[in-house]
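J.: File run-v7.csv below, CSV, C-alpha atoms:
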```csv
chain,number,residue,atom,x,y,z
H,284,MET,CA,0.0,0.0,0.0
H,285,THR,CA,1.4,3.4,-1.0
H,286,SER,CA,1.6,6.5,1.1
H,287,ALA,CA,-1.1,8.0,-1.1
H,288,ASP,CA,-3.4,5.0,-0.4
H,289,VAL,CA,-2.8,5.4,3.3
H,290,GLY,CA,-3.6,9.1,3.0
H,291,LEU,CA,-6.8,8.5,1.2
H,292,ARG,CA,-7.8,5.9,3.7
H,293,GLU,CA,-7.3,8.2,6.6
H,294,LEU,CA,-9.1,11.0,4.8
H,295,LYS,CA,-12.1,8.7,4.3
H,296,LYS,CA,-12.1,7.8,8.0
H,297,GLN,CA,-12.1,11.4,9.0
H,298,GLU,CA,-14.9,12.2,6.6
H,299,THR,CA,-17.0,9.2,7.9
H,300,ARG,CA,-16.3,10.3,11.5
H,301,GLN,CA,-17.4,13.8,10.8
H,302,LEU,CA,-20.5,12.7,8.9
H,303,ILE,CA,-21.6,10.5,11.8
H,304,SER,CA,-21.0,13.3,14.3
H,305,ASP,CA,-22.9,15.9,12.2
H,306,LYS,CA,-25.9,13.6,11.7
H,307,ALA,CA,-25.9,12.7,15.4
H,308,THR,CA,-25.8,16.4,16.4
H,309,LEU,CA,-28.8,17.2,14.2
H,310,LEU,CA,-30.8,14.4,15.7
H,311,PHE,CA,-29.8,15.3,19.2
H,312,ILE,CA,-31.0,18.9,18.7
H,313,GLU,CA,-34.2,17.8,17.0
H,314,LYS,CA,-35.2,14.9,19.4
H,315,GLY,CA,-33.0,15.5,22.5
H,316,PHE,CA,-29.9,13.6,23.4
H,317,GLU,CA,-31.6,11.1,25.7
H,318,ASP,CA,-34.3,10.2,23.2
H,319,THR,CA,-32.0,9.6,20.2
H,320,THR,CA,-30.7,6.1,19.6
H,321,ILE,CA,-27.5,4.8,18.0
H,322,ALA,CA,-29.6,3.0,15.5
H,323,GLU,CA,-31.2,6.3,14.4
H,324,ILE,CA,-27.8,7.9,14.1
H,325,ALA,CA,-26.5,5.0,12.0
H,326,ALA,CA,-29.5,5.2,9.7
H,327,ALA,CA,-29.1,8.9,9.3
H,328,ALA,CA,-25.4,8.6,8.4
H,329,ARG,CA,-26.1,5.4,6.3
H,330,VAL,CA,-23.6,3.3,8.2
H,331,ALA,CA,-23.9,0.3,10.4
H,332,LYS,CA,-24.4,0.6,14.2
H,333,LYS,CA,-21.1,-1.0,14.6
H,334,THR,CA,-19.4,1.7,12.6
H,335,VAL,CA,-20.9,4.4,14.9
H,336,THR,CA,-19.6,2.6,18.0
H,337,ASN,CA,-16.2,2.0,16.4
H,338,TYR,CA,-15.7,5.7,15.9
H,339,PHE,CA,-17.4,6.8,19.1
H,340,ALA,CA,-17.0,4.5,22.1
H,341,ARG,CA,-19.5,6.7,24.1
H,342,LYS,CA,-22.7,8.2,22.9
H,343,GLU,CA,-21.8,11.4,24.7
H,344,ASP,CA,-18.7,11.8,22.5
H,345,LEU,CA,-21.0,12.1,19.4
H,346,ALA,CA,-22.2,15.4,20.8
H,347,LEU,CA,-19.0,16.5,22.5
H,348,ASP,CA,-16.7,15.4,19.7
H,349,GLN,CA,-14.0,17.9,20.6
H,350,HIS,CA,-13.4,16.3,24.0
H,351,GLU,CA,-9.8,15.4,23.4
H,352,GLU,CA,-8.9,19.0,22.5
H,353,PHE,CA,-11.0,20.2,25.4
H,354,THR,CA,-9.4,17.9,27.9
H,355,ASN,CA,-5.8,18.9,27.0
H,356,GLY,CA,-6.6,22.6,26.4
H,357,LEU,CA,-5.4,24.1,29.6
H,358,ALA,CA,-2.2,21.9,29.8
H,359,ASN,CA,-1.4,22.8,26.2
H,360,ALA,CA,-1.8,26.5,26.8
H,361,VAL,CA,0.6,26.4,29.8
H,362,ARG,CA,3.1,24.1,27.9
H,363,ASP,CA,3.2,26.7,25.1
H,364,ARG,CA,3.6,29.8,27.3
H,365,GLU,CA,6.1,32.4,26.3
H,366,PRO,CA,9.4,33.1,28.1
H,367,GLY,CA,8.6,35.3,31.2
H,368,GLU,CA,5.0,34.3,31.1
H,369,SER,CA,3.3,32.6,34.1
H,370,ALA,CA,0.8,29.8,33.9
H,371,LEU,CA,-1.9,32.2,34.9
H,372,ALA,CA,-1.0,34.8,32.2
H,373,ALA,CA,-0.8,32.1,29.5
H,374,LEU,CA,-4.3,30.8,30.4
H,375,ARG,CA,-5.7,34.3,30.5
H,376,ARG,CA,-4.3,35.1,27.1
H,377,THR,CA,-5.4,31.9,25.6
H,378,PHE,CA,-9.0,32.2,27.0
H,379,LEU,CA,-9.3,35.8,25.8
H,380,ASP,CA,-8.2,34.7,22.3
H,381,ALA,CA,-10.8,32.0,22.3
H,382,VAL,CA,-13.5,34.4,23.4
H,383,ALA,CA,-12.5,36.8,20.5
H,384,GLU,CA,-12.6,33.8,18.1
H,385,HIS,CA,-16.0,32.6,19.5
H,386,SER,CA,-14.4,29.2,19.8
H,387,PRO,CA,-16.7,26.2,20.3
H,388,VAL,CA,-14.1,24.7,22.7
H,389,ILE,CA,-15.1,27.2,25.3
H,390,GLY,CA,-18.8,26.9,24.7
H,391,PHE,CA,-19.7,29.1,21.7
H,392,THR,CA,-22.0,26.5,20.1
H,393,GLY,CA,-25.2,28.4,19.5
H,394,THR,CA,-28.6,28.4,21.2
H,395,ALA,CA,-29.8,25.0,20.0
H,396,PHE,CA,-26.7,23.1,21.0
H,397,ALA,CA,-26.5,24.9,24.4
H,398,LYS,CA,-30.2,23.9,25.0
H,399,MET,CA,-29.4,20.3,24.1
H,400,VAL,CA,-26.5,20.1,26.5
H,401,LEU,CA,-28.1,21.9,29.4
H,402,GLU,CA,-31.3,19.8,29.2
H,403,SER,CA,-29.5,16.5,29.1
H,404,PRO,CA,-28.4,15.0,32.5
H,405,THR,CA,-26.1,12.7,30.6
H,406,LEU,CA,-24.3,15.5,28.8
H,407,THR,CA,-24.0,17.7,31.8
H,408,ALA,CA,-22.5,14.8,33.7
H,409,ARG,CA,-20.0,14.2,30.9
H,410,LEU,CA,-19.0,17.8,30.9
H,411,ARG,CA,-18.3,17.7,34.6
H,412,GLU,CA,-16.1,14.6,33.9
H,413,LEU,CA,-14.3,16.4,31.1
H,414,HIS,CA,-13.6,19.4,33.3
H,415,GLU,CA,-12.1,17.0,35.9
H,416,LEU,CA,-9.9,15.4,33.3
H,417,ARG,CA,-8.9,18.8,32.1
H,418,GLU,CA,-7.9,19.8,35.7
H,419,GLU,CA,-5.9,16.6,36.1
H,420,ALA,CA,-4.0,17.1,32.9
H,421,LEU,CA,-3.1,20.6,34.0
H,422,ALA,CA,-2.0,19.5,37.4
H,423,VAL,CA,0.4,16.9,35.9
H,424,LEU,CA,1.8,19.4,33.5
H,425,LEU,CA,2.3,22.0,36.3
H,426,ALA,CA,4.1,19.4,38.5
H,427,THR,CA,6.4,18.6,35.6
H,428,GLU,CA,7.1,22.2,34.6
H,429,THR,CA,7.9,23.3,38.2
H,430,GLY,CA,9.7,20.2,39.3
H,431,ALA,CA,7.4,19.7,42.2
H,432,ASP,CA,7.9,16.8,44.6
H,433,ALA,CA,5.4,14.0,44.5
H,434,ASP,CA,3.9,15.1,47.8
H,435,ASP,CA,3.7,18.8,46.9
H,436,VAL,CA,0.0,19.8,46.5
H,437,THR,CA,0.8,23.2,44.9
H,438,PRO,CA,0.3,22.0,41.3
H,439,VAL,CA,-2.9,20.3,42.3
H,440,MET,CA,-4.2,23.4,44.1
H,441,ALA,CA,-3.1,25.7,41.2
H,442,ALA,CA,-4.8,23.5,38.6
H,443,ALA,CA,-8.0,23.4,40.7
H,444,GLU,CA,-8.2,27.2,41.0
H,445,LEU,CA,-7.3,27.8,37.3
H,446,ASN,CA,-9.7,25.2,36.1
H,447,ALA,CA,-12.4,26.7,38.2
H,448,ILE,CA,-12.2,29.9,36.1
H,449,ASP,CA,-12.6,27.9,32.9
H,450,ARG,CA,-15.4,25.8,34.3
H,451,VAL,CA,-17.4,28.9,35.4
H,452,LEU,CA,-16.9,30.8,32.2
H,453,PHE,CA,-17.7,27.8,30.1
H,454,ARG,CA,-21.0,27.4,31.9
H,455,GLU,CA,-21.6,31.2,31.5
H,456,VAL,CA,-21.2,30.9,27.7
H,457,LEU,CA,-23.7,28.0,27.6
H,458,ARG,CA,-26.2,29.9,29.8
H,459,ARG,CA,-26.1,33.0,27.7
H,460,SER,CA,-26.3,31.0,24.5
H,461,HIS,CA,-29.3,29.2,25.9
H,462,ALA,CA,-30.9,32.5,26.7
H,463,GLY,CA,-30.6,33.6,23.1
H,464,GLU,CA,-27.7,36.1,23.3
H,465,SER,CA,-25.6,36.6,20.2
H,466,ASP,CA,-22.0,35.5,20.1
H,467,ASP,CA,-20.9,39.1,20.0
H,468,GLU,CA,-23.0,39.9,23.1
H,469,ILE,CA,-21.6,36.9,24.9
H,470,ALA,CA,-18.0,37.7,23.9
H,471,GLU,CA,-18.4,41.3,25.3
H,472,ALA,CA,-19.7,40.0,28.6
H,473,LEU,CA,-17.1,37.1,28.8
H,474,THR,CA,-14.2,39.4,28.1
H,475,LYS,CA,-15.1,41.5,31.2
H,476,ALA,CA,-15.8,38.4,33.3
H,477,THR,CA,-12.5,36.7,32.2
H,478,GLN,CA,-10.4,39.8,33.1
H,479,CYS,CA,-12.1,40.0,36.5
H,480,ALA,CA,-11.7,36.3,37.2
H,481,PHE,CA,-8.0,36.2,36.4
H,482,GLU,CA,-7.4,39.4,38.4
H,483,LEU,CA,-8.8,37.7,41.4
H,484,LEU,CA,-6.2,35.0,41.2
H,485,GLU,CA,-3.3,37.3,40.3
H,486,PRO,CA,-2.1,37.7,43.9
H,487,ALA,CA,-1.9,34.0,44.5
H,488,PHE,CA,-0.6,32.7,41.1
H,489,GLY,CA,0.7,35.7,39.2
H,490,ASP,CA,4.3,34.5,39.8
H,491,TYR,CA,3.7,30.8,39.6
H,492,ALA,CA,5.2,28.6,36.9
H,493,ILE,CA,6.9,31.4,35.1
H,494,ARG,CA,8.8,30.2,32.0
H,495,GLU,CA,12.4,31.2,32.2
```
Represent the structure from my file as structure tokens, please.
T.:
Amino acid sequence: MTSADVGLRELKKQETRQLISDKATLLFIEKGFEDTTIAEIAAAARVAKKTVTNYFARKEDLALDQHEEFTNGLANAVRDREPGESALAALRRTFLDAVAEHSPVIGFTGTAFAKMVLESPTLTARLRELHELREEALAVLLATETGADADDVTPVMAAAELNAIDRVLFREVLRRSHAGESDDEIAEALTKATQCAFELLEPAFGDYAIRE
């Protein structure tokens, strides 16, 4: 098999995965997450049920299909911080950039999607789990970056506080989206809220994990 064949095969897999996710999202919005079955999603995407479960091990991942990017987002932002920049500053900059871009990773998903998530106990529970995984990934990264001892709770505490900002602001985007506010209105409010939230943590973590 040539490299071109491998490339085409991978492209086909990506297209199939995206098709399944798109069809699932449309059904979730129309019928509600809880009332939509895997069989209905497979039929809409014109694939076998097994194909759906091969691409998406959990039904929730069909709706929250950017979960890997989300889970690693905070850790990646800190890992890529600039020289002289603290973990707090890197996360503030990254979040404000995401607000300006109306990024779906921080909740800019529109009224219908926000309604689907907030009205589904399964999806709200999965979101809590993803936020916890996000926090754990950040704690591991901070411990590595600062050379913390195994029994040093500072990276864990810092990750908890920094992730709390992200969790609250993410929820605020969903709430405002569900209320029918436009992305521009939400971005304006979130910019102010983000600046306020990070300023509150500045005394505690402004000098923490500064890249040399």
J.: Per residue of range 386-432 of chain H within 12 Å of range 328-346 of chain H, which atom pair is closest and at what distance in Å (one decimal), using all atoms listed in the file, listed by chain and increasing number, as JSON lines?
T.:
```
{"residue": "H:Thr392", "atom": "CA", "partner": "H:Ala346", "partner_atom": "CA", "distance": 11.1}
{"residue": "H:Phe396", "atom": "CA", "partner": "H:Ala346", "partner_atom": "CA", "distance": 8.9}
{"residue": "H:Ala397", "atom": "CA", "partner": "H:Ala346", "partner_atom": "CA", "distance": 11.0}
{"residue": "H:Met399", "atom": "CA", "partner": "H:Ala346", "partner_atom": "CA", "distance": 9.3}
{"residue": "H:Val400", "atom": "CA", "partner": "H:Ala346", "partner_atom": "CA", "distance": 8.5}
{"residue": "H:Ser403", "atom": "CA", "partner": "H:Glu343", "partner_atom": "CA", "distance": 10.2}
{"residue": "H:Pro404", "atom": "CA", "partner": "H:Glu343", "partner_atom": "CA", "distance": 10.8}
{"residue": "H:Thr405", "atom": "CA", "partner": "H:Glu343", "partner_atom": "CA", "distance": 7.4}
{"residue": "H:Leu406", "atom": "CA", "partner": "H:Glu343", "partner_atom": "CA", "distance": 6.3}
{"residue": "H:Thr407", "atom": "CA", "partner": "H:Glu343", "partner_atom": "CA", "distance": 9.7}
{"residue": "H:Ala408", "atom": "CA", "partner": "H:Glu343", "partner_atom": "CA", "distance": 9.6}
{"residue": "H:Arg409", "atom": "CA", "partner": "H:Glu343", "partner_atom": "CA", "distance": 7.0}
{"residue": "H:Leu410", "atom": "CA", "partner": "H:Glu343", "partner_atom": "CA", "distance": 9.3}
{"residue": "H:Glu412", "atom": "CA", "partner": "H:Glu343", "partner_atom": "CA", "distance": 11.3}
{"residue": "H:Leu413", "atom": "CA", "partner": "H:Asp344", "partner_atom": "CA", "distance": 10.7}
```
J.: With C-alpha atoms kept, could you save the residues just selected as an mmCIF file, in the frame of the given file?
T.:
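selection.cif was written with the following content:
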```cif
data_model
loop_
_atom_site.group_PDB
_atom_site.id
_atom_site.type_symbol
_atom_site.label_atom_id
_atom_site.label_comp_id
_atom_site.auth_asym_id
_atom_site.auth_seq_id
_atom_site.Cartn_x
_atom_site.Cartn_y
_atom_site.Cartn_z
ATOM 1 C CA THR H 392 -22.000 26.500 20.100
ATOM 2 C CA PHE H 396 -26.700 23.100 21.000
ATOM 3 C CA ALA H 397 -26.500 24.900 24.400
ATOM 4 C CA MET H 399 -29.400 20.300 24.100
ATOM 5 C CA VAL H 400 -26.500 20.100 26.500
ATOM 6 C CA SER H 403 -29.500 16.500 29.100
ATOM 7 C CA PRO H 404 -28.400 15.000 32.500
ATOM 8 C CA THR H 405 -26.100 12.700 30.600
ATOM 9 C CA LEU H 406 -24.300 15.500 28.800
ATOM 10 C CA THR H 407 -24.000 17.700 31.800
ATOM 11 C CA ALA H 408 -22.500 14.800 33.700
ATOM 12 C CA ARG H 409 -20.000 14.200 30.900
ATOM 13 C CA LEU H 410 -19.000 17.800 30.900
ATOM 14 C CA GLU H 412 -16.100 14.600 33.900
ATOM 15 C CA LEU H 413 -14.300 16.400 31.100
#
```
J.: Nearest residue to Arg417 in chain H out of H:Arg454, H:Lys306, H:His350, H:Arg292, using only C-alpha atoms?
T.: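 Closest candidate: H:His350.
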J.: Give me the residues near Thr474 in chain H as a ChimeraX atom specification, where near means some atom within 12 Å (using only C-alpha atoms) and where sequence neighbours in that chain fewer than 6 positions away do not count.
T.: /H:375-385,452,455-456,466-468,480-481
J.: Could you dump the residues just selected with C-alpha atoms as a CSV table (one decimal), keeping the file's coordinate frame?
T.:
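Final file, selection.csv:
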```
chain,number,residue,atom,x,y,z
H,375,ARG,CA,-5.7,34.3,30.5
H,376,ARG,CA,-4.3,35.1,27.1
H,377,THR,CA,-5.4,31.9,25.6
H,378,PHE,CA,-9.0,32.2,27.0
H,379,LEU,CA,-9.3,35.8,25.8
H,380,ASP,CA,-8.2,34.7,22.3
H,381,ALA,CA,-10.8,32.0,22.3
H,382,VAL,CA,-13.5,34.4,23.4
H,383,ALA,CA,-12.5,36.8,20.5
H,384,GLU,CA,-12.6,33.8,18.1
H,385,HIS,CA,-16.0,32.6,19.5
H,452,LEU,CA,-16.9,30.8,32.2
H,455,GLU,CA,-21.6,31.2,31.5
H,456,VAL,CA,-21.2,30.9,27.7
H,466,ASP,CA,-22.0,35.5,20.1
H,467,ASP,CA,-20.9,39.1,20.0
H,468,GLU,CA,-23.0,39.9,23.1
H,480,ALA,CA,-11.7,36.3,37.2
H,481,PHE,CA,-8.0,36.2,36.4
```
J.: Select from range 368-418 of chain H every residue with an atom at most 9 Å from any atom of range 351-356 of chain H, then for each give the shortest pair of atoms and their distance in Å to one decimal, using only C-alpha atoms, rows by chain and rising number, as a Markdown table.
T.:
```
| residue | atom | partner | partner_atom | distance |
| --- | --- | --- | --- | --- |
| H:Val388 | CA | H:Phe353 | CA | 6.1 |
| H:Ile389 | CA | H:Phe353 | CA | 8.1 |
| H:Leu413 | CA | H:Thr354 | CA | 6.0 |
| H:His414 | CA | H:Thr354 | CA | 7.0 |
| H:Glu415 | CA | H:Thr354 | CA | 8.5 |
| H:Leu416 | CA | H:Thr354 | CA | 6.0 |
| H:Arg417 | CA | H:Thr354 | CA | 4.3 |
| H:Glu418 | CA | H:Thr354 | CA | 8.2 |
```
J.: Provide the CA of Ile448 in chain H to CA of Arg364 in chain H distance in Å, to one decimal place.
T.: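 Between CA of Ile448 in chain H and CA of Arg364 in chain H the gap works out to 18.1 Å.
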J.: Would you kindly return, as a PyMOL selection string, each protein, DNA or RNA residue with an atom no farther than 12 Å from any atom of range 435-440 of chain H, considering only C-alpha atoms and excluding same-chain residues fewer than 2 positions away?
T.: chain H and resi 358+370+415+417-433+442-447+487-488+491-492
J.: Find the distance between CA of Glu402 in chain H and CA of Glu317 in chain H and write it in Å to one decimal.
T.: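 Pair CA of Glu402 in chain H / CA of Glu317 in chain H returns 9.4 Å.
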J.: Please, what distance in Å, to one decimal, runs between CA of Thr394 in chain H and CA of Ala373 in chain H?
T.: 29.2 Å
J.: Just checking: using only C-alpha atoms, which residue out of H:Glu293, H:Glu471, H:Asp449, H:Asp434 ends up closest to Arg411 in chain H?
T.: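 With only C-alpha atoms as the atom set, the closest residue is H:Asp449.
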J.: Pick from H:Gly489, H:Gly290, H:Gly463, H:Pro366: nearest to Ala395 in chain H, with all atoms listed in the file counted?
T.: H:Gly463
J.: Kindly indicate which residue among H:Leu310, H:Ala327, H:Ser465, H:Leu371 lies nearest to Gln478 in chain H, using only C-alpha atoms for the distances.
T.: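 When distances to Gln478 in chain H are compared using only C-alpha atoms, the smallest one comes from H:Leu371.
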